[in-house]
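Trainee: Supplied in structure tokens, the structure appears directly below.
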Amino acid sequence: MSRPAVMRRMQEIAHVDVNCFYASAERVFNPALEGRPVIVLSNNDGCAVTRSPEAKRLGIGLGDPWFKLRPRAKEWGLVALSSNYELYGDISARVMELLGRYSAWLEVYSIDEAFLGVKGEPDELLVLGRAMKAACRRHVGVPVCVGIAPTKTLAKLCNKWAKNNPAFNGVCRWESVPVEQREALMARLSVIEIWGVATRLTKRLNAMGIFSILDLTRANPVAIRDKFSIVMMRTVLELQGTPCIPMEEERIGRDQLIFSRSFSTPITTAAGLRQVMSVYAQMASARLAKHDLQAKVLTAFAATSHFNPNEKSFPSVCVALPMPTADPVLLTKAAHALLPQVHEGTKYVRAGIMVTDLRPSGNQKPLEIFENPHEERSIGILLEDVAKRYGRGSIGLGHAGIKGGPDWSMKRDMLSPRYTTHWDELPLVKAA
DNA sequence: ATGAGCCAG
DNA sequence: GATTCTGGCTCAT
């Protein structure tokens, strides 16, 4: 048997992930943050969700509450920033656009991660990985790592190795790592490092004597399916090199939309919650209209703090809408059905609405007698437009439009400018 | 069909 | 005093 002169290389999958994305995005426009410990905080400046390597080295953990870090921030030289989603979304779009040039087959997996279908000889693939890494640094300004492997699960694992093992220089390809080295790495990493395995599954696996990634790789996929689930079996097969998790098309249809937030200060009145419900209903309306969707069901809820066992209250209502709709008036009215259930004086720290049973609005027109006048004029979009131009609180239906009500806005004391999306927050460059 | 459970980022 | 938020999937009922 003679080998063909040109071997047809198998499809491989590259996984690209921005290192500590939010912190890196902040550094793009604030180079003074380079080399310093930086953390980005969750909504309401609650806890650390992203840490630069320098911050990790200080022992700051994911989810560490800011109030515990703050006393030592100065001594550490720690910079804490409120999350600036507008900036991150824009940086993300730039990264994804750039990656799209390297493969027609790009799956944007999250705000800072993507899978790409790639083909080529082993050394070509490594060159490609390094090129993508260099391009993200050069053209967008963020550091990324790249993992390349026959399956998504292995590509994610390689990416982790690329991140944690300086010898890889940020790019790691499964097949290019000698088997003995791979097994040594897998033997000393816990199964919890694997995509799809978290604390619960780790406990159950450990109970069966499966501790390391190598243990899991050598497990019998069928036995795993019987003891766990089809998902876990796929993970094992993927570790063994059999692709089971396909590249996905862009998600278009969603089953539900949720608008929910914790408040910076608790809301204790029905009037306050009424206002919150109005705002969320209008946000939902705008989002539905944007995607040409209508909802049939709206659920509204509020909740007291889980950390206060003395005052537990979790009111919620589920409203079947009279017809599938994206109408802000109807949604607001439905959301207000929650109000009779709220106790005056109780401290609600969180509330939200969820619209479910979504369907495309385009295809079938409702009977004329059911047609809704608001919908025709796309009030949802209009409201959103005005709010964008003149600021939230400048327009709104009912109680959403009142300024100076109770303060339930997000606490973001350390917000960086939206450098790339607002003209008045552009970075200034001074030439010497 | 729906809720509980688990997971990702 | 303070501990994210949103969305997806599978399995059991």
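Chain labels A, B, ... are given in the sequence in which chains occur in the structure tokens; within each chain residues are numbered consecutively from 1, and ligands are likewise numbered from 1 in the order shown.
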Kindly provide the residues of chain C that approach chain A to within 8 Å, each paired with its closest atom pair and their distance in Å to one decimal, based on only C-alpha atoms (C1' of nucleotides), listed by chain and increasing number, as JSON lines.
Mentor:
```
{"residue": "C:DA2", "atom": "C1'", "partner": "A:Phe67", "partner_atom": "CA", "distance": 6.3}
{"residue": "C:DT3", "atom": "C1'", "partner": "A:Pro65", "partner_atom": "CA", "distance": 5.9}
{"residue": "C:DT4", "atom": "C1'", "partner": "A:Ser42", "partner_atom": "CA", "distance": 5.4}
{"residue": "C:DC5", "atom": "C1'", "partner": "A:Arg261", "partner_atom": "CA", "distance": 7.4}
{"residue": "C:DT6", "atom": "C1'", "partner": "A:Ile258", "partner_atom": "CA", "distance": 7.0}
{"residue": "C:DT10", "atom": "C1'", "partner": "A:Ser229", "partner_atom": "CA", "distance": 7.5}
```
Trainee: Starting from chain A, keep only residues with some atom at most 12 Å from an atom of chain B, counting only C-alpha atoms (C1' of nucleotides), and report them as a ChimeraX atom specification.
Mentor: /A:17,20-22,49-50,109-113,192,194-202,228-229,231-232
Trainee: Give the strand (DSSP E or B) residues of stretch 179-374 of chain A, as assigned by DSSP on the backbone, as a ChimeraX atom specification.
Mentor: /A:190,212,256-267,293-304,316-325,348-360
Trainee: For stretch 160-169 of chain A, list every protein, DNA or RNA residue within 7 Å, evaluated using only C-alpha atoms (C1' of nucleotides), and leave out those in the same chain fewer than 2 positions away; present the list as a ChimeraX atom specification.
Mentor: /A:145-147,156-158,171-172
Trainee: Those residues with C-alpha atoms, as a short mmCIF file (atom, residue, chain, number, x, y, z; two decimals), in the first residue's frame please?
Mentor:
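What landed in result35.cif:
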```cif
data_model
loop_
_atom_site.label_atom_id
_atom_site.label_comp_id
_atom_site.auth_asym_id
_atom_site.auth_seq_id
_atom_site.Cartn_x
_atom_site.Cartn_y
_atom_site.Cartn_z
CA CYS A 145 -4.47 31.55 24.13
CA VAL A 146 -5.22 28.90 21.53
CA GLY A 147 -5.90 25.18 21.89
CA LYS A 156 -10.53 23.50 25.58
CA LEU A 157 -8.14 21.35 27.57
CA CYS A 158 -5.24 22.31 25.31
CA VAL A 171 -0.60 27.88 21.73
CA CYS A 172 -1.03 24.16 22.30
#
```
Trainee: Taking only C-alpha atoms into account, name the residue in A:His343, A:Lys152, A:Arg101, A:Arg51 that is nearest to A:Ala135.
Mentor: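 Answer, going by the shortest atom-to-atom distance: A:Arg101.
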